[in-house]
Amino acid sequence: MTAPSATAIPRGGVSTGRVLIRTCAAEWTRLWTVRATWGFLAAAAVAMVGIGAIAGFEAAAEAPAPQGDPAWAVAPVAAMPAQFALLALALIAVTSDYATGGIVPTLQWTPRRGVLFLARTLVAVGGATSVGILLGSGSALAAFAAARPSLTLPVGEGLDALGTIAFVVAAGAAFAVGLGFLLRTTAGALVTVFLGMLVLPLLLPQFGYPWMSALAEVLPGSGAAFLLLGQVPGMTETSSVVSLLGWAGGALLLGWLRLARDDANR
Amino acid sequence: MIEVRGLTKRYGDTLAVDGLSFDVEPGKVTGFLGPNGAGKSTTMRMMLGLDRPTAGEVLVNRRRFAAFGEPLREVGALLDPGSLHVGRTGRNHLRVAARTNGIPQRRVQEVIEQVGLDRAARRRIKGYSLGMRQRLGIAAALLADPQVLLFDEPVNGLDLDGVRWIRGLLRRLADEGRTVLVSSHLLSEMEQTADRLVVIGRGRLIADASTEEILRGLGNLRVRVRSSQADALLTRLRERGLTVARIDAHELEIEDGTAHDVGDVAHDAHIPLHHLSEVRPSLEHAYLDLTGDSVEFHGRAAGAAPATTADAR
């Protein structure tokens, strides 16, 4: 009834690289085996493809209809609201383990915390970014199909648009993952993500104080909005990239320090 | 083999585990006993690298747990059965465990059958009873056929059939030469399954000895006797030099001597007996005596004097 098992289980040394690959595979299984993941994916898909289709229909209805405009232009615009579903997906991949107590078996199975941190970050950020690229393409295709034959799908502009979406989603997801490891609560981390990515960048400049506007410019949401929409006063491409990378890197660093130093879930 | 050396854990002003040292040897079921808040779970969490010791260390098979690349092949553990993502199916929970340690996926089905979860494995864990979650945790612990097994309160939530099953499982695992550490507050359960006991109270080691030694070290057989002439019997027994305590108006307890001695005294004095038996102190009594004032949470003042490992022996 007990071991030895019928299935041979070899023992021996294993390289850290192999442990990382296995942990990434496990993280991937963790992601797709819970319903919340599919819910966030569905929300992101509806937002991006839906906005793309609506934009396409609007373009087709214009008189005169635009001739030769790239359908890719809609993808970054659609990614602006849809990114939040992807950021929530990445964040939940971390915080759900703390909310459910699942971090206890997780660290029993992967006690090397550096490996767990790296694998979870890679899978969550990589997954969200890949979906962002896929849905960006879907958004442009929906616009193209809805407006046919008015819009075009030039490859060069497509790479630019998808590259921008990939960078913004990757940086935002890394920011969310870092906050997840740091705060360990879904509510706290989600509120912080929304404040940093949406609410404060929009709200602070409305007060009219220069220092508040300056503060808004360094928040990650301003960088994301500039790269996706290109309409944020005071922002440049460089400042946007630096801001997003800084927030993502900072959150990951703090998240790693908490995971490495603190007890598993106390 | 588990080696605990000077293990200490402090949370602010509270010393949860205080310089704990003991070994858990292979081939035996070692019971880990202590009242609520004694530090059992904290100690087990430190064994598994979940909590960081303030001082001291734990070695599993001569290595720190956190150093293992394939920990499931070394140590299987069941801690809190509620600590898992209930939105996943039981099978997927085990699939994740198998992937982390490079265990063939067909082994997942084997352990599912082993713990009797065949019919529930495709259901989400949120629909599982506590007993089913215990079985799922045990399945994860057995997944990679490890030589060291830790179980924190494994019979919690199990029905009678499940309790008998876990009892047999622990025995078999130890008989196969594995190192088995089991914490439980069900002392009668430990009496039946544990070969050795590590007893702690308020984070400190109280006793580390075989179950037999602990039982024996706390006193010899006692004799219980009931008679309608208990007063006369008490006088006669004391005249024979026996130590006698009155339980109630008709019942006495003799701390030394045997049922044979008591029967002879009663016969010689023509005193009728309504009950005569020899009583071995149960682990329950031994445990309460040992942990005495080490109980952190209790409903009355603890009266027993502190006991030590030496006392137990």
# chains A, B, ... in the order shown; residues from 1 in each chain; ligands from 1

$ select_by_dssp --residues "range 8-85 of chain B" --states "strand (DSSP E)" --output "count of residues only"
31

$ interface_residues --of "chain B" --to "chain A" --cutoff "7 Å" --atoms "only C-alpha atoms" --output "JSON, numbers by chain"
{"B": [48, 49, 50, 51, 52, 66, 67, 69, 71, 72, 83, 84, 85, 87, 88, 92, 96, 97, 99, 100, 101, 102, 103, 107, 114, 144, 145, 169]}

$ closest_residue --among "B:Glu278, B:Glu251, B:Glu213, B:Glu176" --to "Lys28 in chain B" --atoms "only C-alpha atoms"
B:Glu176

$ residues_around --residues "range 212-228 of chain A" --least-positions-apart "3" --cutoff "9 Å" --atoms "only C-alpha atoms" --output "ChimeraX atom specification"
/A:75-80,161,164-165,168-169,171-172,175,194-209,231-237,239-248

$ residues_around --residues "Pro154 in chain B" --least-positions-apart "4" --cutoff "8 Å" --atoms "only C-alpha atoms" --output "count of residues only"
6

$ atom_distance --atom1 "CA of Asp268 in chain B" --atom2 "CA of Leu242 in chain B"
15.6 Å

$ residues_around --residues "Val46 in chain A" --least-positions-apart "2" --cutoff "12 Å" --atoms "only C-alpha atoms" --output "PyMOL selection string"
chain A and resi 39-44+48-54+78-79+81-83+85+135-136+138-139+142

$ select_by_dssp --residues "range 140-268 of chain B" --states "alpha helix (DSSP H)" --output "NGL selection string"
:B and (140-142 or 160-175 or 187-193 or 211-217 or 230-239 or 259-268)

$ closest_residue --among "B:Glu113, B:His93, B:Ala141, B:Arg167" --to "Ile125 in chain B" --atoms "only C-alpha atoms"
B:His93

$ residues_around --residues "range 89-92 of chain A" --least-positions-apart "2" --cutoff "10 Å" --atoms "only C-alpha atoms" --output "ChimeraX atom specification"
/A:31,36-41,44,83-87,94-99,120-121,123-129,170,172-181,184-187,189-190,193

$ write_last_selection --atoms "C-alpha atoms" --output "compact mmCIF listing (two decimals), in the first residue's frame"
# COMPACT_ATOMS: atom_id res chain seq x y z
CA LEU A 31 -1.52 29.26 -13.64
CA ALA A 36 -9.31 33.06 -12.10
CA THR A 37 -6.61 32.91 -14.78
CA TRP A 38 -9.16 32.14 -17.48
CA GLY A 39 -11.44 34.88 -16.17
CA PHE A 40 -8.73 37.54 -16.47
CA LEU A 41 -7.75 36.25 -19.91
CA ALA A 44 -8.48 41.08 -21.49
CA GLN A 83 -3.52 45.76 -19.44
CA PHE A 84 -5.18 45.85 -16.03
CA ALA A 85 -6.68 42.39 -16.52
CA LEU A 86 -3.21 41.10 -17.39
CA LEU A 87 -1.58 42.86 -14.45
CA VAL A 94 1.66 35.50 -6.54
CA THR A 95 -0.87 36.62 -3.95
CA SER A 96 -3.29 33.69 -4.30
CA ASP A 97 -0.60 31.46 -2.81
CA TYR A 98 -0.54 33.67 0.28
CA ALA A 99 -4.33 34.07 0.45
CA ARG A 120 7.17 32.69 -10.69
CA THR A 121 8.28 36.06 -12.06
CA VAL A 123 6.06 32.68 -15.88
CA ALA A 124 3.71 35.41 -14.66
CA VAL A 125 5.43 38.22 -16.54
CA GLY A 126 6.14 36.07 -19.60
CA GLY A 127 2.58 34.76 -19.67
CA ALA A 128 1.00 38.22 -19.35
CA THR A 129 3.35 39.67 -21.99
CA ALA A 170 5.93 43.23 -19.10
CA GLY A 172 3.51 46.50 -15.43
CA ALA A 173 3.32 42.76 -14.72
CA ALA A 174 6.76 42.83 -13.11
CA PHE A 175 5.61 45.77 -10.95
CA ALA A 176 2.50 43.77 -9.97
CA VAL A 177 4.47 40.59 -9.25
CA GLY A 178 6.97 42.50 -7.12
CA LEU A 179 4.14 44.12 -5.15
CA GLY A 180 2.52 40.70 -4.75
CA PHE A 181 5.66 39.28 -3.16
CA ARG A 184 1.32 39.34 0.08
CA THR A 185 -2.32 40.42 0.01
CA THR A 186 -4.40 40.55 -3.15
CA ALA A 187 -6.41 43.57 -2.02
CA ALA A 189 -1.32 44.84 -3.99
CA LEU A 190 -4.22 45.35 -6.40
CA VAL A 193 -1.23 48.73 -8.73

$ atom_distance --atom1 "CA of Ile247 in chain B" --atom2 "CA of His275 in chain B"
13.3 Å

$ atom_distance --atom1 "CA of Asp231 in chain B" --atom2 "CA of His274 in chain B"
14.2 Å

$ residues_around --residues "Lys40 in chain B" --least-positions-apart "5" --cutoff "12 Å" --atoms "only C-alpha atoms" --output "number ranges by chain"
B: 7, 9, 16-18, 20, 31-35, 45-47, 79, 150-153, 181-185, 198-205
